[in-house]
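**Q** The structure file start_31.cif (mmCIF, C-alpha atoms (C1' of nucleotides)) is provided below.
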data_model
#
loop_
_atom_site.label_atom_id
_atom_site.label_comp_id
_atom_site.auth_asym_id
_atom_site.auth_seq_id
_atom_site.Cartn_x
_atom_site.Cartn_y
_atom_site.Cartn_z
CA MET A 1 -303.03 -109.80 47.06
CA THR A 2 -303.29 -107.66 50.16
CA SER A 3 -306.43 -105.83 51.12
CA THR A 4 -305.01 -102.56 49.80
CA ASP A 5 -305.08 -103.98 46.30
CA GLN A 6 -308.78 -104.66 46.28
CA THR A 7 -309.34 -101.67 44.04
CA PRO A 8 -306.80 -100.49 41.47
CA THR A 9 -307.77 -96.83 42.05
CA ARG A 10 -307.03 -97.00 45.77
CA ARG A 11 -306.22 -93.54 47.12
CA ARG A 12 -302.63 -93.30 48.09
CA ARG A 13 -301.08 -90.99 50.66
CA SER A 14 -299.02 -89.39 47.90
CA ASP A 15 -302.00 -88.27 45.86
CA SER A 16 -302.23 -84.89 47.54
CA THR A 17 -298.53 -84.28 46.97
CA LYS A 18 -298.88 -85.23 43.33
CA ALA A 19 -301.77 -82.82 42.99
CA ALA A 20 -299.80 -80.05 44.70
CA ILE A 21 -296.93 -80.60 42.26
CA LEU A 22 -299.26 -80.48 39.29
CA ASP A 23 -300.87 -77.27 40.52
CA ALA A 24 -297.52 -75.62 41.12
CA ALA A 25 -296.28 -76.84 37.74
CA ARG A 26 -299.25 -75.36 35.92
CA GLU A 27 -298.72 -71.98 37.54
CA ARG A 28 -295.01 -71.95 36.82
CA PHE A 29 -295.42 -73.10 33.23
CA ILE A 30 -298.05 -70.43 32.69
CA ALA A 31 -295.93 -67.70 34.23
CA GLU A 32 -292.53 -68.61 32.79
CA GLY A 33 -292.88 -71.06 29.95
CA TYR A 34 -291.32 -74.51 29.70
CA GLU A 35 -287.66 -73.62 29.94
CA GLY A 36 -288.17 -70.76 32.38
CA ALA A 37 -290.06 -72.90 34.86
CA THR A 38 -287.56 -74.97 36.85
CA ILE A 39 -288.21 -78.18 38.68
CA ARG A 40 -286.59 -76.66 41.72
CA ALA A 41 -289.02 -73.75 41.73
CA ILE A 42 -292.02 -76.02 41.19
CA ALA A 43 -290.89 -78.26 44.04
CA ALA A 44 -290.41 -75.25 46.31
CA ASP A 45 -293.94 -74.04 45.54
CA ALA A 46 -295.26 -77.47 46.48
CA HIS A 47 -293.09 -77.52 49.63
CA ILE A 48 -291.30 -80.72 48.73
CA ASP A 49 -287.94 -81.86 47.39
CA PRO A 50 -287.16 -81.64 43.66
CA ALA A 51 -286.40 -85.33 43.71
CA MET A 52 -290.06 -86.06 44.40
CA VAL A 53 -291.01 -84.51 41.09
CA MET A 54 -288.73 -86.92 39.31
CA ARG A 55 -289.99 -89.86 41.37
CA TYR A 56 -293.62 -89.17 40.56
CA PHE A 57 -293.43 -87.87 37.02
CA GLY A 58 -290.20 -89.31 35.65
CA SER A 59 -288.96 -86.20 33.87
CA LYS A 60 -289.74 -82.56 33.30
CA GLU A 61 -291.18 -83.31 29.88
CA LYS A 62 -293.63 -85.86 31.24
CA LEU A 63 -294.66 -83.44 33.95
CA PHE A 64 -295.34 -80.80 31.35
CA ALA A 65 -297.30 -83.21 29.23
CA LEU A 66 -299.65 -83.82 32.16
CA ALA A 67 -299.78 -80.21 33.32
CA ALA A 68 -300.52 -78.88 29.85
CA SER A 69 -303.14 -81.36 28.79
CA TYR A 70 -305.94 -79.25 27.52
CA ASP A 71 -309.52 -79.61 26.42
CA LEU A 72 -311.19 -76.69 24.68
CA ARG A 73 -314.56 -78.27 25.51
CA LEU A 74 -316.01 -76.97 22.28
CA PRO A 75 -319.78 -77.22 22.07
CA ASP A 76 -321.60 -79.06 19.33
CA PHE A 77 -321.63 -76.54 16.54
CA THR A 78 -324.42 -78.24 14.65
CA ALA A 79 -326.75 -77.36 17.53
CA ILE A 80 -326.08 -73.64 17.13
CA PRO A 81 -328.00 -71.44 14.69
CA ARG A 82 -325.73 -70.95 11.72
CA ASP A 83 -325.79 -67.17 11.92
CA GLU A 84 -324.75 -67.15 15.59
CA LEU A 85 -321.69 -69.36 15.18
CA GLY A 86 -319.11 -66.59 15.36
CA GLU A 87 -320.46 -64.97 18.49
CA SER A 88 -320.97 -68.30 20.23
CA ILE A 89 -317.42 -69.46 19.60
CA VAL A 90 -315.81 -66.22 20.70
CA ARG A 91 -317.97 -65.99 23.82
CA HIS A 92 -317.36 -69.60 24.75
CA LEU A 93 -313.60 -69.51 24.37
CA LEU A 94 -313.15 -66.13 25.99
CA GLY A 95 -315.08 -67.35 29.02
CA LEU A 96 -312.81 -70.36 29.18
CA TRP A 97 -309.59 -68.37 28.87
CA GLU A 98 -310.55 -65.76 31.42
CA SER A 99 -310.61 -68.38 34.14
CA ASP A 100 -308.17 -71.03 32.91
CA ARG A 101 -304.76 -69.99 31.69
CA THR A 102 -303.49 -73.45 30.78
CA LEU A 103 -303.62 -72.59 27.11
CA VAL A 104 -301.32 -69.67 27.81
CA ALA A 105 -298.73 -72.06 29.23
CA LEU A 106 -299.02 -74.22 26.17
CA LEU A 107 -298.65 -71.24 23.88
CA ARG A 108 -295.64 -69.91 25.72
CA THR A 109 -293.89 -73.24 25.47
CA ALA A 110 -294.88 -73.86 21.88
CA VAL A 111 -293.47 -70.49 20.89
CA SER A 112 -290.15 -70.95 22.64
CA SER A 113 -289.59 -73.70 20.06
CA GLU A 114 -290.08 -76.72 22.22
CA GLU A 115 -291.04 -78.93 19.34
CA ALA A 116 -293.10 -81.27 21.47
CA ALA A 117 -295.29 -78.40 22.65
CA ALA A 118 -295.67 -76.94 19.17
CA ALA A 119 -296.81 -80.33 17.93
CA ARG A 120 -299.28 -80.59 20.80
CA MET A 121 -300.59 -77.17 19.86
CA ARG A 122 -301.12 -78.33 16.29
CA GLU A 123 -302.86 -81.43 17.64
CA ILE A 124 -305.29 -79.40 19.73
CA TRP A 125 -306.31 -77.24 16.84
CA ALA A 126 -306.39 -80.08 14.38
CA GLU A 127 -308.29 -82.54 16.53
CA GLN A 128 -310.56 -80.24 18.50
CA VAL A 129 -311.16 -77.22 16.29
CA LEU A 130 -311.10 -79.03 13.00
CA ALA A 131 -313.09 -81.94 14.32
CA GLY A 132 -315.66 -79.54 15.72
CA LEU A 133 -315.92 -77.48 12.58
CA GLY A 134 -315.63 -80.42 10.27
CA ARG A 135 -319.27 -81.34 10.64
CA LEU A 136 -320.31 -77.92 9.39
CA PHE A 137 -318.76 -78.46 6.00
CA GLY A 138 -319.80 -82.00 5.27
CA GLU A 139 -317.42 -83.68 2.87
CA ASP A 140 -315.44 -80.59 1.93
CA THR A 141 -312.51 -81.15 4.29
CA ALA A 142 -310.17 -78.88 2.36
CA ARG A 143 -312.56 -76.02 2.84
CA ALA A 144 -313.06 -76.91 6.50
CA GLU A 145 -309.31 -76.86 7.08
CA LYS A 146 -308.85 -73.49 5.49
CA ARG A 147 -311.75 -71.91 7.35
CA ALA A 148 -310.58 -73.37 10.66
CA GLY A 149 -307.14 -71.97 9.96
CA LEU A 150 -308.50 -68.50 9.36
CA VAL A 151 -310.52 -68.62 12.57
CA VAL A 152 -307.53 -69.76 14.56
CA THR A 153 -305.43 -66.78 13.47
CA GLN A 154 -307.98 -64.43 15.03
CA LEU A 155 -308.53 -66.48 18.18
CA LEU A 156 -304.90 -67.14 18.97
CA GLY A 157 -304.20 -63.50 18.17
CA ILE A 158 -306.50 -62.63 21.04
CA VAL A 159 -304.76 -65.02 23.41
CA LEU A 160 -301.38 -63.68 22.40
CA CYS A 161 -302.15 -59.97 22.68
CA ARG A 162 -304.38 -60.13 25.75
CA TYR A 163 -302.86 -62.78 28.00
CA VAL A 164 -299.24 -63.07 26.89
CA LEU A 165 -298.12 -59.67 25.59
CA ARG A 166 -300.75 -57.80 27.61
CA LEU A 167 -301.01 -55.00 25.08
CA PRO A 168 -302.84 -52.33 27.08
CA PRO A 169 -305.73 -51.60 24.71
CA VAL A 170 -306.40 -55.32 24.22
CA ALA A 171 -306.08 -56.17 27.89
CA ALA A 172 -308.54 -53.40 28.72
CA LEU A 173 -311.38 -54.69 26.54
CA GLU A 174 -314.45 -56.25 28.13
CA PRO A 175 -315.14 -59.85 27.11
CA GLU A 176 -318.39 -58.82 25.45
CA GLU A 177 -316.50 -56.29 23.36
CA PHE A 178 -314.48 -59.14 21.90
CA VAL A 179 -317.71 -60.93 21.12
CA ALA A 180 -319.10 -57.87 19.40
CA TRP A 181 -315.98 -57.19 17.35
CA MET A 182 -314.53 -60.63 16.66
CA GLY A 183 -317.80 -62.52 16.47
CA PRO A 184 -318.59 -61.16 12.98
CA THR A 185 -315.01 -61.86 11.91
CA VAL A 186 -315.21 -65.51 12.90
CA GLN A 187 -318.69 -65.70 11.40
CA ARG A 188 -317.38 -64.44 8.08
CA TYR A 189 -314.36 -66.77 8.06
CA LEU A 190 -316.72 -69.69 8.62
CA THR A 191 -319.68 -68.91 6.42
CA ALA A 192 -318.69 -66.38 3.74
CA GLU A 193 -318.19 -67.47 0.15
CA GLU A 194 -314.66 -67.75 -1.15
CA PRO A 195 -313.50 -64.20 -1.87
CA MET B 1 -255.04 -37.03 15.28
CA THR B 2 -253.76 -39.69 12.95
CA SER B 3 -255.04 -40.04 9.42
CA THR B 4 -257.32 -42.92 10.49
CA ASP B 5 -259.30 -40.54 12.65
CA GLN B 6 -260.16 -38.14 9.84
CA THR B 7 -263.69 -39.46 9.75
CA PRO B 8 -265.54 -40.72 12.82
CA THR B 9 -267.24 -43.43 10.75
CA ARG B 10 -263.96 -44.93 9.56
CA ARG B 11 -264.43 -48.56 8.63
CA ARG B 12 -262.71 -50.80 11.10
CA ARG B 13 -261.37 -54.23 10.44
CA SER B 14 -263.81 -55.62 12.97
CA ASP B 15 -266.89 -54.37 11.17
CA SER B 16 -267.27 -57.52 9.11
CA THR B 17 -266.94 -59.65 12.24
CA LYS B 18 -269.54 -57.56 14.01
CA ALA B 19 -271.87 -57.94 11.06
CA ALA B 20 -271.29 -61.69 10.99
CA ILE B 21 -272.15 -61.90 14.67
CA LEU B 22 -275.32 -59.88 14.18
CA ASP B 23 -276.40 -62.06 11.25
CA ALA B 24 -275.78 -65.24 13.19
CA ALA B 25 -277.54 -63.79 16.22
CA ARG B 26 -280.63 -62.90 14.21
CA GLU B 27 -280.85 -66.41 12.80
CA ARG B 28 -280.39 -68.06 16.16
CA PHE B 29 -282.84 -65.77 17.92
CA ILE B 30 -285.39 -66.42 15.20
CA ALA B 31 -284.90 -70.16 15.34
CA GLU B 32 -284.62 -70.69 19.08
CA GLY B 33 -285.79 -67.60 20.95
CA TYR B 34 -283.81 -65.57 23.42
CA GLU B 35 -283.01 -68.20 26.01
CA GLY B 36 -282.60 -71.01 23.52
CA ALA B 37 -280.04 -69.15 21.45
CA THR B 38 -276.67 -69.39 23.18
CA ILE B 39 -273.75 -67.06 22.77
CA ARG B 40 -271.56 -70.06 22.13
CA ALA B 41 -273.73 -71.18 19.22
CA ILE B 42 -273.91 -67.70 17.76
CA ALA B 43 -270.14 -67.36 17.99
CA ALA B 44 -269.66 -70.75 16.35
CA ASP B 45 -271.92 -69.73 13.46
CA ALA B 46 -269.83 -66.59 13.01
CA HIS B 47 -266.61 -68.64 13.26
CA ILE B 48 -265.20 -66.66 16.17
CA ASP B 49 -264.75 -67.00 19.90
CA PRO B 50 -267.67 -66.41 22.29
CA ALA B 51 -265.57 -63.79 24.05
CA MET B 52 -265.70 -61.60 20.94
CA VAL B 53 -269.45 -61.32 21.29
CA MET B 54 -269.01 -59.93 24.76
CA ARG B 55 -266.23 -57.60 23.66
CA TYR B 56 -268.28 -56.09 20.86
CA PHE B 57 -271.76 -56.10 22.34
CA GLY B 58 -271.22 -56.09 26.08
CA SER B 59 -273.85 -58.64 26.99
CA LYS B 60 -276.37 -61.02 25.50
CA GLU B 61 -279.19 -58.59 26.22
CA LYS B 62 -277.52 -55.76 24.36
CA LEU B 63 -276.80 -58.06 21.44
CA PHE B 64 -280.45 -59.02 21.33
CA ALA B 65 -281.52 -55.41 21.50
CA LEU B 66 -279.50 -54.69 18.37
CA ALA B 67 -280.40 -57.89 16.56
CA ALA B 68 -284.10 -57.45 17.23
CA SER B 69 -284.41 -53.79 16.44
CA TYR B 70 -287.31 -53.60 14.13
CA ASP B 71 -288.98 -51.10 11.89
CA LEU B 72 -292.37 -51.99 10.45
CA ARG B 73 -291.83 -49.25 7.83
CA LEU B 74 -295.51 -48.50 7.82
CA PRO B 75 -296.62 -46.29 4.94
CA ASP B 76 -298.39 -42.98 5.43
CA PHE B 77 -301.95 -44.08 5.95
CA THR B 78 -303.40 -40.66 5.18
CA ALA B 79 -302.19 -41.10 1.60
CA ILE B 80 -304.24 -44.27 1.14
CA PRO B 81 -307.89 -44.21 0.06
CA ARG B 82 -309.90 -44.82 3.20
CA ASP B 83 -311.70 -47.86 1.85
CA GLU B 84 -308.46 -49.60 0.88
CA LEU B 85 -306.77 -49.30 4.29
CA GLY B 86 -307.33 -52.90 5.38
CA GLU B 87 -306.02 -54.50 2.22
CA SER B 88 -303.03 -52.15 2.04
CA ILE B 89 -301.95 -52.86 5.59
CA VAL B 90 -302.27 -56.62 5.31
CA ARG B 91 -300.49 -56.72 1.96
CA HIS B 92 -297.70 -54.47 3.15
CA LEU B 93 -296.99 -56.36 6.37
CA LEU B 94 -297.28 -59.80 4.82
CA GLY B 95 -294.75 -58.81 2.18
CA LEU B 96 -292.44 -57.66 4.91
CA TRP B 97 -292.81 -60.79 7.02
CA GLU B 98 -292.36 -63.19 4.14
CA SER B 99 -288.82 -61.97 3.61
CA ASP B 100 -287.77 -60.73 7.05
CA ARG B 101 -288.32 -62.93 10.08
CA THR B 102 -286.92 -60.54 12.66
CA LEU B 103 -290.36 -59.97 14.09
CA VAL B 104 -290.64 -63.70 14.66
CA ALA B 105 -287.53 -63.59 16.82
CA LEU B 106 -288.98 -60.74 18.78
CA LEU B 107 -292.26 -62.55 19.24
CA ARG B 108 -290.61 -65.75 20.35
CA THR B 109 -288.60 -63.92 22.95
CA ALA B 110 -291.48 -61.76 24.13
CA VAL B 111 -293.61 -64.84 24.63
CA SER B 112 -291.03 -66.80 26.59
CA SER B 113 -291.51 -64.12 29.23
CA GLU B 114 -288.39 -62.11 28.75
CA GLU B 115 -289.86 -58.90 30.10
CA ALA B 116 -287.49 -56.67 28.15
CA ALA B 117 -288.64 -58.20 24.87
CA ALA B 118 -292.32 -58.02 25.78
CA ALA B 119 -291.87 -54.35 26.59
CA ARG B 120 -290.11 -53.78 23.27
CA MET B 121 -293.01 -55.51 21.55
CA ARG B 122 -295.44 -53.14 23.24
CA GLU B 123 -293.25 -50.24 22.19
CA ILE B 124 -293.29 -51.26 18.55
CA TRP B 125 -297.04 -51.51 18.44
CA ALA B 126 -297.57 -48.41 20.49
CA GLU B 127 -295.08 -46.19 18.70
CA GLN B 128 -295.33 -47.49 15.17
CA VAL B 129 -298.83 -48.84 14.78
CA LEU B 130 -300.54 -46.37 17.05
CA ALA B 131 -298.55 -43.46 15.72
CA GLY B 132 -299.38 -44.49 12.19
CA LEU B 133 -303.06 -44.99 12.86
CA GLY B 134 -303.34 -42.03 15.16
CA ARG B 135 -303.60 -39.58 12.31
CA LEU B 136 -306.65 -41.34 10.99
CA PHE B 137 -308.66 -40.62 14.10
CA GLY B 138 -307.73 -37.02 14.73
CA GLU B 139 -308.10 -36.15 18.41
CA ASP B 140 -309.89 -39.31 19.46
CA THR B 141 -306.88 -41.15 20.85
CA ALA B 142 -308.95 -43.54 22.97
CA ARG B 143 -310.71 -44.73 19.86
CA ALA B 144 -307.43 -44.96 17.96
CA GLU B 145 -305.94 -47.12 20.70
CA LYS B 146 -308.84 -49.50 20.76
CA ARG B 147 -308.96 -49.86 16.99
CA ALA B 148 -305.21 -50.38 16.78
CA GLY B 149 -305.50 -53.05 19.46
CA LEU B 150 -308.19 -54.90 17.53
CA VAL B 151 -306.11 -54.80 14.36
CA VAL B 152 -303.07 -56.10 16.16
CA THR B 153 -304.88 -59.19 17.44
CA GLN B 154 -305.55 -60.24 13.85
CA LEU B 155 -302.11 -59.34 12.51
CA LEU B 156 -300.10 -60.96 15.28
CA GLY B 157 -302.41 -63.94 15.06
CA ILE B 158 -301.20 -64.39 11.50
CA VAL B 159 -297.56 -64.16 12.53
CA LEU B 160 -298.11 -66.64 15.32
CA CYS B 161 -300.02 -69.27 13.35
CA ARG B 162 -298.07 -68.99 10.09
CA TYR B 163 -294.47 -68.40 11.08
CA VAL B 164 -294.20 -69.69 14.64
CA LEU B 165 -296.66 -72.53 15.09
CA ARG B 166 -296.73 -73.33 11.37
CA LEU B 167 -300.30 -74.58 11.49
CA PRO B 168 -300.57 -76.40 8.16
CA PRO B 169 -303.70 -74.72 6.75
CA VAL B 170 -302.37 -71.27 7.65
CA ALA B 171 -298.88 -71.93 6.38
CA ALA B 172 -300.32 -73.14 3.08
CA LEU B 173 -302.22 -69.96 2.28
CA GLU B 174 -300.99 -67.66 -0.47
CA PRO B 175 -300.17 -64.10 0.63
CA GLU B 176 -302.97 -62.71 -1.52
CA GLU B 177 -305.43 -65.01 0.22
CA PHE B 178 -304.57 -63.31 3.49
CA VAL B 179 -305.18 -59.98 1.83
CA ALA B 180 -308.56 -61.12 0.57
CA TRP B 181 -309.66 -62.61 3.89
CA MET B 182 -308.05 -60.39 6.51
CA GLY B 183 -308.17 -57.14 4.56
CA PRO B 184 -311.89 -56.69 5.21
CA THR B 185 -311.39 -57.63 8.85
CA VAL B 186 -308.76 -54.95 9.38
CA GLN B 187 -310.86 -52.52 7.37
CA ARG B 188 -313.82 -53.13 9.64
CA TYR B 189 -311.78 -52.83 12.85
CA LEU B 190 -310.49 -49.48 11.62
CA THR B 191 -313.51 -47.84 10.05
CA ALA B 192 -316.69 -49.50 11.36
CA GLU B 193 -318.88 -47.73 13.87
CA GLU B 194 -318.80 -48.91 17.47
CA PRO B 195 -320.91 -52.06 17.58
"C1'" DA C 1 -293.41 -107.65 68.24
"C1'" DC C 2 -291.33 -107.42 64.11
"C1'" DC C 3 -290.60 -106.25 59.34
"C1'" DC C 4 -291.34 -103.98 55.12
"C1'" DC C 5 -292.28 -100.53 51.99
"C1'" DG C 6 -293.78 -96.21 50.28
"C1'" DG C 7 -293.12 -91.13 51.25
"C1'" DG C 8 -289.74 -87.87 51.74
"C1'" DT C 9 -284.89 -85.63 52.30
"C1'" DC C 10 -280.08 -84.74 51.17
"C1'" DA C 11 -275.97 -84.16 48.72
"C1'" DA C 12 -273.86 -84.74 44.67
"C1'" DC C 13 -273.09 -85.56 39.57
"C1'" DG C 14 -272.21 -83.80 34.86
"C1'" DG C 15 -273.35 -80.51 31.71
"C1'" DC C 16 -274.61 -76.20 30.16
"C1'" DT C 17 -274.79 -71.14 30.58
"C1'" DG C 18 -273.04 -65.95 30.46
"C1'" DT C 19 -269.14 -63.66 31.57
"C1'" DT C 20 -264.21 -62.45 32.61
"C1'" DG C 21 -259.25 -61.61 32.43
"C1'" DA C 22 -254.86 -63.00 30.90
"C1'" DC C 23 -252.54 -64.09 26.94
"C1'" DG C 24 -250.97 -64.06 21.98
"C1'" DT C 25 -250.67 -61.84 17.29
"C1'" DA C 26 -251.10 -59.42 13.00
"C1'" DG C 27 -250.98 -54.90 10.57
"C1'" DG C 28 -250.74 -50.21 9.84
"C1'" DA C 29 -248.38 -45.72 11.35
"C1'" DT C 30 -244.07 -43.86 12.26
"C1'" DA D 1 -237.64 -52.05 11.37
"C1'" DT D 2 -240.17 -51.00 15.27
"C1'" DC D 3 -243.94 -50.14 18.14
"C1'" DC D 4 -248.49 -49.85 19.44
"C1'" DT D 5 -253.11 -50.83 19.08
"C1'" DA D 6 -256.96 -53.41 17.99
"C1'" DC D 7 -258.31 -58.20 16.84
"C1'" DG D 8 -258.78 -62.59 18.36
"C1'" DT D 9 -257.99 -67.00 21.39
"C1'" DC D 10 -257.90 -69.69 25.51
"C1'" DA D 11 -259.01 -71.37 29.88
"C1'" DA D 12 -261.45 -70.68 33.71
"C1'" DC D 13 -264.99 -68.76 36.83
"C1'" DA D 14 -269.46 -69.07 39.30
"C1'" DG D 15 -274.03 -70.21 38.86
"C1'" DC D 16 -277.69 -72.49 37.21
"C1'" DC D 17 -280.07 -76.72 35.40
"C1'" DG D 18 -282.22 -81.82 35.28
"C1'" DT D 19 -281.32 -85.94 37.17
"C1'" DT D 20 -279.59 -89.71 40.31
"C1'" DG D 21 -278.69 -92.77 44.17
"C1'" DA D 22 -278.01 -93.31 49.00
"C1'" DC D 23 -280.21 -92.52 53.05
"C1'" DC D 24 -283.98 -91.72 56.76
"C1'" DC D 25 -288.58 -92.21 58.86
"C1'" DG D 26 -293.19 -93.66 60.13
"C1'" DG D 27 -297.17 -96.52 59.84
"C1'" DG D 28 -299.71 -100.70 58.48
"C1'" DG D 29 -299.66 -106.01 57.62
"C1'" DT D 30 -298.36 -110.20 59.52
#
Take the structure I supplied and represent it as structure tokens, if you would.

**A**
Amino acid sequence: MTSTDQTPTRRRRSDSTKAAILDAARERFIAEGYEGATIRAIAADAHIDPAMVMRYFGSKEKLFALAASYDLRLPDFTAIPRDELGESIVRHLLGLWESDRTLVALLRTAVSSEEAAAARMREIWAEQVLAGLGRLFGEDTARAEKRAGLVVTQLLGIVLCRYVLRLPPVAALEPEEFVAWMGPTVQRYLTAEEP
Amino acid sequence: MTSTDQTPTRRRRSDSTKAAILDAARERFIAEGYEGATIRAIAADAHIDPAMVMRYFGSKEKLFALAASYDLRLPDFTAIPRDELGESIVRHLLGLWESDRTLVALLRTAVSSEEAAAARMREIWAEQVLAGLGRLFGEDTARAEKRAGLVVTQLLGIVLCRYVLRLPPVAALEPEEFVAWMGPTVQRYLTAEEP
DNA sequence: ACCCCGGGTCAACGGCTGTTGACGTAGGAT
DNA sequence: ATCCTACGTCAACAGCCGTTGACCCGGGGT
């Protein structure tokens, strides 16, 4: 019971190092995916020894789990006029992705068949997207699932083509162009009758 | 000038081995991506020595280039009624992807930041999709590029969610459901006026 | 003053990778 | 029957990787 233990969230000297490692890890995972990003490279970026990464995070997988935690911060859809849902969602997410590329890291890793990352990806879209959209459809969860699935194909298609593959015509679009084009698509997937 | 040289395409004894290697390579690349698929594993699948892979294909990259060569076999769009373009394209590609997962291998590799594969991916969509759609827009290549880009976000989004991430609601859809839902989307991206 | 402990470094391990060159060996042409 | 060529194997290389344990140092508690 020393004085340093008075508060369990006492700032430690190592906190800044930990943060530096996490920052470097995010960048590397984004740029090179899970397998491509090496602990040695991450440690070099953070100007410390690779062994420190292991000391603080235990393993590469645990480091990734912390670096790739992700919150879509979806708004409350029930507060949005029903006929503006599509535009709102596209605008919100595009704004998020333009400044925060964590989702790109997650996608890269999920696609290179790291099963843990693929499962995490499914979690995000199940828990956050489905949970967010669920309210819109009341009891009809089957319908909510299908509609959420349709929406996700368009949204992840954007992430893939714009941020990962960097297809020139897609990378050149202005954010508001996505809103104008994909907003109606998302709107239709959410609110149209079954075809 | 022996009798075996009478024809330059003479079948060699090694042809079946080469084919076995290519088959195994395709499967491994599809299942595990470029970096995840090892030459040793591919060779084991083909029941031969890893050195044979090098002898016949020179390097892992060249093997991948051959295994991942891909032809979308797009139909002639000018022969399709203009208001059925979206449905035709979606139906055609979905039929292709349901039976041939080569594109999935390519996507996996492109996403795990193997620059050669990403470039090949851009080539496919530039040369095949753009070339196919180009005729529809006459001289207006800028417009053709943008429209092709929009279409690709939806189509690759399907590939990603259904075959790579295997999001349950998307994997559960029937092919004709994609046609019914995404057909109009593609149709709009191709033929709608600028928003 | 001493001691102790957390932050940090260093070298090494075992395992995996793509790639190589030397070494057999079977099978068709002569 | 012989010879040559193409098919195939084997062992090893050099270079990465994640991970580990021994070691060093400096600053705060007693």

**Q** Can you list, as a list in words, the residues that the PyMOL selection byres ((chain D and resi 13) around 8) selects here?

**A**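 That selection, the PyMOL selection byres ((chain D and resi 13) around 8), comes back as DT20 of chain C; DA12 and DA14 of chain D.
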
**Q** So, counting all atoms listed in the file, which residue among A:Thr102, A:Ser88, A:Thr38, A:Gln187 is closest to A:Val159?

**A**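 The closest residue to A:Val159 is A:Thr102.
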
**Q** Which residues are near stretch 67-83 of chain B? Cut-off 7 Å, all atoms listed in the file, ignore same chain within fewer than 6 positions. Put them as a list of chain:residue names.

**A** B:Leu22, B:Ala25, B:Arg26, B:Thr102, B:Leu106, B:Gly132, B:Leu136

**Q** What is the distance, in Å and to one decimal place, between atom CA of B:Ala24 and atom CA of B:Ser59?

**A** 15.4 Å

**Q** Taking 5 positions as the minimum chain separation for residues in the same chain, which residues sit within 10 Å of D:DC10 when counting all atoms listed in the file? Answer as a list in words.

**A** Asp49 and Ala51 of chain B; DA22, DC23 and DG24 of chain C

**Q** Nearest residue to chain B out of C:DC16, C:DC5, C:DT25, C:DC10, using only C-alpha atoms (C1' of nucleotides)?

**A**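 Residue with the minimum atom-to-atom distance to chain B: C:DC16.
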